[in-house]
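J.: Dropping in my_file26.cif, which is mmCIF, C-alpha atoms and all ligand atoms:
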data_coords
#
loop_
_atom_site.group_PDB
_atom_site.id
_atom_site.type_symbol
_atom_site.label_atom_id
_atom_site.label_comp_id
_atom_site.auth_asym_id
_atom_site.auth_seq_id
_atom_site.Cartn_x
_atom_site.Cartn_y
_atom_site.Cartn_z
ATOM 1 C CA MET I 3 -65.221 66.091 -66.089
ATOM 2 C CA ALA I 4 -65.284 65.329 -69.764
ATOM 3 C CA ARG I 5 -65.494 61.668 -70.477
ATOM 4 C CA PRO I 6 -64.078 60.222 -73.642
ATOM 5 C CA LEU I 7 -66.760 58.733 -75.833
ATOM 6 C CA PRO I 8 -66.742 54.967 -75.925
ATOM 7 C CA PRO I 9 -64.820 53.669 -78.889
ATOM 8 C CA HIS I 10 -67.007 52.776 -81.830
ATOM 9 C CA ASP I 11 -65.078 49.677 -82.781
ATOM 10 C CA ARG I 12 -63.745 46.759 -80.866
ATOM 11 C CA ARG I 13 -61.156 44.135 -81.562
ATOM 12 C CA ILE I 14 -62.258 40.532 -81.673
ATOM 13 C CA LEU I 15 -60.817 37.256 -82.785
ATOM 14 C CA CYS I 16 -62.516 35.307 -85.530
ATOM 15 C CA THR I 17 -64.283 32.360 -83.942
ATOM 16 C CA SER I 18 -63.276 30.142 -86.863
ATOM 17 C CA CYS I 19 -59.674 30.995 -87.646
ATOM 18 C CA GLY I 20 -58.590 33.122 -84.689
ATOM 19 C CA GLY I 21 -57.670 36.044 -86.938
ATOM 20 C CA LEU I 22 -57.929 39.555 -85.557
ATOM 21 C CA LEU I 23 -60.944 41.565 -86.681
ATOM 22 C CA VAL I 24 -62.134 45.066 -85.914
ATOM 23 C CA VAL I 25 -65.912 45.309 -85.729
ATOM 24 C CA ALA I 26 -68.458 47.906 -84.742
ATOM 25 C CA TYR I 27 -69.798 47.521 -81.227
ATOM 26 C CA GLU I 28 -73.333 47.065 -82.469
ATOM 27 C CA ALA I 29 -72.478 44.479 -85.126
ATOM 28 C CA LYS I 30 -74.359 41.222 -84.676
ATOM 29 C CA SER I 31 -72.221 39.324 -87.110
ATOM 30 C CA VAL I 32 -69.471 39.949 -89.624
ATOM 31 C CA ASN I 33 -67.690 37.986 -92.275
ATOM 32 C CA CYS I 34 -64.115 37.252 -91.376
ATOM 33 C CA SER I 35 -61.681 38.965 -93.708
ATOM 34 C CA HIS I 36 -59.218 36.111 -93.184
ATOM 35 C CA CYS I 37 -61.274 32.947 -93.615
ATOM 36 C CA HIS I 38 -64.569 34.430 -94.888
ATOM 37 C CA GLN I 39 -66.589 32.567 -92.313
ATOM 38 C CA ARG I 40 -69.461 34.260 -90.558
ATOM 39 C CA VAL I 41 -68.547 35.408 -87.093
ATOM 40 C CA ILE I 42 -71.282 35.979 -84.536
ATOM 41 C CA CYS I 43 -70.596 39.103 -82.491
ATOM 42 C CA GLU I 44 -73.663 39.369 -80.311
ATOM 43 C CA ALA I 45 -74.030 38.591 -76.650
ATOM 44 C CA LEU I 46 -75.832 35.330 -75.951
ATOM 45 C CA VAL I 47 -78.041 34.605 -72.968
ATOM 46 C CA ILE I 48 -79.018 30.973 -72.576
ATOM 47 C CA ARG I 49 -82.080 30.284 -70.497
ATOM 48 C CA ASP I 50 -82.919 26.683 -71.300
ATOM 49 C CA TYR I 51 -81.510 23.473 -72.698
ATOM 50 C CA VAL I 52 -79.161 23.922 -75.618
ATOM 51 C CA ALA I 53 -77.216 21.103 -77.217
ATOM 52 C CA VAL I 54 -75.049 22.054 -80.149
ATOM 53 C CA ARG I 55 -71.609 21.066 -81.235
ATOM 54 C CA ARG I 56 -70.190 24.547 -81.123
ATOM 55 C CA LEU I 57 -71.454 27.704 -79.532
ATOM 56 C CA ARG I 58 -69.293 30.573 -80.599
ATOM 57 C CA THR I 59 -69.547 34.289 -80.318
ATOM 58 C CA ALA I 60 -67.057 37.097 -80.198
ATOM 59 C CA ASN I 61 -68.979 38.501 -77.272
ATOM 60 C CA THR I 62 -70.288 37.423 -73.911
ATOM 61 C CA VAL I 63 -72.143 34.225 -73.105
ATOM 62 C CA HIS I 64 -74.343 33.983 -70.053
ATOM 63 C CA ILE I 65 -75.761 30.627 -69.023
ATOM 64 C CA THR I 66 -78.546 31.496 -66.607
ATOM 65 C CA LYS I 67 -79.745 29.385 -63.686
ATOM 66 C CA LYS I 68 -82.161 27.466 -65.882
ATOM 67 C CA GLY I 69 -79.664 27.170 -68.682
ATOM 68 C CA ASN I 70 -78.300 23.739 -69.467
ATOM 69 C CA VAL I 71 -75.713 23.734 -72.198
ATOM 70 C CA LEU I 72 -74.116 20.820 -73.939
ATOM 71 C CA ALA I 73 -71.624 22.445 -76.285
ATOM 72 C CA SER I 74 -68.118 23.511 -76.929
ATOM 73 C CA ILE I 75 -68.086 27.220 -76.161
ATOM 74 C CA TRP I 76 -65.824 29.913 -77.512
ATOM 75 C CA CYS I 77 -66.513 33.438 -76.352
ATOM 76 C CA GLU I 78 -65.019 36.632 -75.051
ATOM 77 C CA SER I 79 -66.348 36.163 -71.573
ATOM 78 C CA LEU I 80 -68.522 33.532 -69.976
ATOM 79 C CA THR I 81 -70.738 33.557 -66.922
ATOM 80 C CA VAL I 82 -72.219 30.272 -65.768
ATOM 81 C CA ASP I 83 -75.149 30.346 -63.371
ATOM 82 C CA GLY I 84 -76.493 27.033 -64.625
ATOM 83 C CA ARG I 85 -75.109 23.879 -66.161
ATOM 84 C CA LEU I 86 -72.453 23.408 -68.763
ATOM 85 C CA LYS I 87 -71.086 20.223 -70.175
ATOM 86 C CA GLY I 88 -68.332 20.679 -72.710
ATOM 87 C CA GLU I 89 -65.135 22.561 -73.089
ATOM 88 C CA ALA I 90 -65.148 26.323 -72.881
ATOM 89 C CA ILE I 91 -62.719 29.000 -73.928
ATOM 90 C CA ALA I 92 -63.139 32.573 -72.766
ATOM 91 C CA LEU I 93 -60.653 35.035 -74.187
ATOM 92 C CA GLU I 94 -61.245 37.312 -71.242
ATOM 93 C CA ARG I 95 -62.952 36.275 -68.070
ATOM 94 C CA MET I 96 -64.920 33.274 -66.963
ATOM 95 C CA THR I 97 -67.130 33.294 -63.907
ATOM 96 C CA LEU I 98 -68.700 30.271 -62.286
ATOM 97 C CA THR I 99 -71.238 31.405 -59.761
ATOM 98 C CA ARG I 100 -72.324 29.425 -56.737
ATOM 99 C CA LYS I 101 -75.116 27.806 -58.781
ATOM 100 C CA ALA I 102 -72.829 26.639 -61.566
ATOM 101 C CA GLU I 103 -72.366 22.979 -62.433
ATOM 102 C CA VAL I 104 -69.631 22.572 -64.977
ATOM 103 C CA GLN I 105 -68.226 19.428 -66.452
ATOM 104 C CA GLY I 106 -65.500 20.070 -68.967
ATOM 105 C CA ASP I 107 -62.170 21.621 -69.679
ATOM 106 C CA LEU I 108 -61.887 25.351 -69.243
ATOM 107 C CA ARG I 109 -59.491 27.891 -70.630
ATOM 108 C CA ALA I 110 -59.644 31.575 -69.856
ATOM 109 C CA MET I 111 -57.583 34.655 -69.271
ATOM 110 C CA CYS I 112 -58.901 34.766 -65.739
ATOM 111 C CA LEU I 113 -61.327 32.664 -63.771
ATOM 112 C CA THR I 114 -63.606 33.377 -60.843
ATOM 113 C CA VAL I 115 -65.199 30.478 -59.025
ATOM 114 C CA GLU I 116 -67.681 31.303 -56.316
ATOM 115 C CA GLU I 117 -68.062 29.135 -53.290
ATOM 116 C CA GLY I 118 -70.595 26.414 -54.044
ATOM 117 C CA ALA I 119 -69.836 26.009 -57.724
ATOM 118 C CA ILE I 120 -69.380 22.429 -58.881
ATOM 119 C CA LEU I 121 -66.596 21.846 -61.341
ATOM 120 C CA SER I 122 -64.961 18.809 -62.810
ATOM 121 C CA GLY I 123 -62.427 19.125 -65.554
ATOM 122 C CA THR I 124 -59.094 20.717 -66.173
ATOM 123 C CA MET I 125 -58.430 24.425 -66.011
ATOM 124 C CA ARG I 126 -55.832 26.340 -67.906
ATOM 125 C CA ILE I 127 -55.916 29.945 -66.867
ATOM 126 C CA GLY I 128 -53.705 32.761 -67.978
ATOM 127 C CA PRO I 129 -52.623 34.591 -71.104
ATOM 128 C CA GLU I 130 -50.399 31.768 -72.332
ATOM 129 C CA HIS I 131 -53.377 29.452 -72.696
ATOM 130 C CA ILE I 132 -55.628 31.484 -74.933
ATOM 131 C CA PRO I 133 -55.338 33.294 -78.241
ATOM 132 C CA GLN I 134 -54.535 36.973 -77.768
ATOM 133 C CA HIS I 135 -56.311 39.947 -79.269
ATOM 134 C CA ASP I 136 -53.070 41.720 -79.995
ATOM 135 C CA ALA I 137 -51.070 38.825 -81.363
ATOM 136 C CA GLY I 138 -52.391 39.084 -84.902
ATOM 137 C CA PRO I 139 -53.869 36.257 -86.936
ATOM 138 C CA GLN I 140 -53.052 32.882 -85.553
ATOM 139 C CA PRO I 141 -54.594 29.476 -85.665
ATOM 140 C CA ALA I 142 -57.044 29.163 -82.837
ATOM 141 C CA ALA I 143 -56.803 26.163 -80.601
ATOM 142 C CA ALA I 144 -57.803 22.922 -82.257
ATOM 143 C CA LEU I 145 -59.170 24.611 -85.333
ATOM 144 C CA PRO I 146 -58.143 23.574 -88.790
ATOM 145 C CA ASP I 147 -56.424 26.475 -90.470
ATOM 146 C CA ASP I 148 -55.605 25.908 -94.073
ATOM 147 C CA ALA I 149 -54.692 29.481 -94.920
ATOM 148 C CA GLU I 150 -51.573 29.374 -96.981
ATOM 149 C CA GLY I 151 -48.815 31.849 -97.630
ATOM 150 C CA ALA I 152 -48.471 35.256 -96.058
ATOM 151 C CA SER I 153 -50.694 37.146 -98.470
ATOM 152 C CA PRO I 154 -53.461 38.815 -96.525
ATOM 153 C CA ARG I 155 -55.988 38.680 -99.343
ATOM 154 C CA SER I 156 -56.916 36.059 -101.892
ATOM 155 C CA ALA I 157 -56.404 36.724 -105.556
ATOM 156 C CA SER I 158 -59.999 36.602 -106.713
HETATM 157 ZN ZN ZN U 1 -61.618 33.791 -89.735
#
Translate this structure into structure tokens?
Ligand SMILES: [Zn+2]

T.:
Amino acid sequence: MARPLPPHDRRILCTSCGGLLVVAYEAKSVNCSHCHQRVICEALVIRDYVAVRRLRTANTVHITKKGNVLASIWCESLTVDGRLKGEAIALERMTLTRKAEVQGDLRAMCLTVEEGAILSGTMRIGPEHIPQHDAGPQPAAALPDDAEGASPRSAS
């Protein structure tokens, strides 16, 4: 059986402005064509203590068993095997395994919580609660978006 080759590009949302971008699968970062901010596109694996204000990638985030994250996370999909304190948005799926300890508000397209996971915070799950890949540029949740007018490119 002939298999189609995997697509070379993928669609992501800018982690600053929420605008739709098409990037190569292997890209580690790109500059957003909407807001010109750098967008991290690589998968992150967190194995120890990380405290930052924002942890954003247009890819997967995995907090391992020894991971302990104090941050506001934005990602495509999130797996928590360790600890997370802070809000998290996953545009696709979020998985809290039985070792997870999460304190914060979660938003995701879909959520899996294994038996044993500890969770305190609100959950908003479903397509109406997250920015969509196919909805075009839009302000991402709680992000300042000072783009003006409908012109897709600046006049420089
Ligand atoms: Zn942007």

J.: Between atom CA of Arg85 of chain I and atom CA of Ile48 of chain I, what is the distance in Å, rounded to a tenth?

T.: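 Atom-to-atom, atom CA of Arg85 of chain I and atom CA of Ile48 of chain I are spaced 10.3 Å apart.
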
J.: Please indicate the distance in Å from atom CA of Ile65 of chain I to atom CA of Cys37 of chain I, rounded to one decimal place.

T.: 28.6 Å

J.: Can I get the residues close to ligand ZN 1 (chain U) as a VMD selection string, where close means within 7 Å and we count only C-alpha atoms and all ligand atoms?

T.: chain I and resid 16 to 21 34 to 39

J.: Enter the distance from atom CA of Ala26 of chain I to atom CA of Ile42 of chain I, in Å, rounded to one decimal.

T.: 12.3 Å

J.: Return as number ranges by chain the set of residues that the PyMOL selection byres (((chain I and resi 94) around 12) and not hetatm) yields on the displayed structure.

T.: I: 14-15, 60-63, 76-81, 90-93, 95-97, 109-114, 127-129, 131-135

J.: Hey, which of I:Gly69, I:Gly118, I:Gly88, I:Gly106 ends up closest to Leu57 of chain I? Count only C-alpha atoms.

T.: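 That would be I:Gly88, the residue with the smallest distance to Leu57 of chain I.
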
J.: Any idea what's packed within 9 Å of Ala73 of chain I, counting only C-alpha atoms, ignoring anything in its chain fewer than 5 positions away? Could you give it as a list in words?

T.: Val52, Ala53, Val54, Arg55, Arg56, Leu57, Leu86, Lys87, Gly88, Glu89 and Ala90 of chain I

J.: Could you take the residues named above and write them with C-alpha atoms, as a PDB file, keeping the file's coordinate frame?

T.:
ATOM      1  CA  VAL I  52     -79.161  23.922 -75.618  1.00  0.00           C
ATOM      2  CA  ALA I  53     -77.216  21.103 -77.217  1.00  0.00           C
ATOM      3  CA  VAL I  54     -75.049  22.054 -80.149  1.00  0.00           C
ATOM      4  CA  ARG I  55     -71.609  21.066 -81.235  1.00  0.00           C
ATOM      5  CA  ARG I  56     -70.190  24.547 -81.123  1.00  0.00           C
ATOM      6  CA  LEU I  57     -71.454  27.704 -79.532  1.00  0.00           C
ATOM      7  CA  LEU I  86     -72.453  23.408 -68.763  1.00  0.00           C
ATOM      8  CA  LYS I  87     -71.086  20.223 -70.175  1.00  0.00           C
ATOM      9  CA  GLY I  88     -68.332  20.679 -72.710  1.00  0.00           C
ATOM     10  CA  GLU I  89     -65.135  22.561 -73.089  1.00  0.00           C
ATOM     11  CA  ALA I  90     -65.148  26.323 -72.881  1.00  0.00           C
TER      12      ALA I  90
END

J.: Written as a VMD selection string, which residues does the PyMOL selection byres (((chain I and resi 102) around 6) and not hetatm) give for the file shown?

T.: chain I and resid 82 to 85 98 to 101 103 119

J.: Kindly compute an axis-aligned box around the listed atoms of segment 98-113 of chain I, allowing 6 Å on each side, and express its centre and edge lengths in Å to one decimal as AutoDock Vina command-line options.

T.:
--center_x -66.3 --center_y 27.1 --center_z -63.7 --size_x 29.5 --size_y 27.3 --size_z 25.9
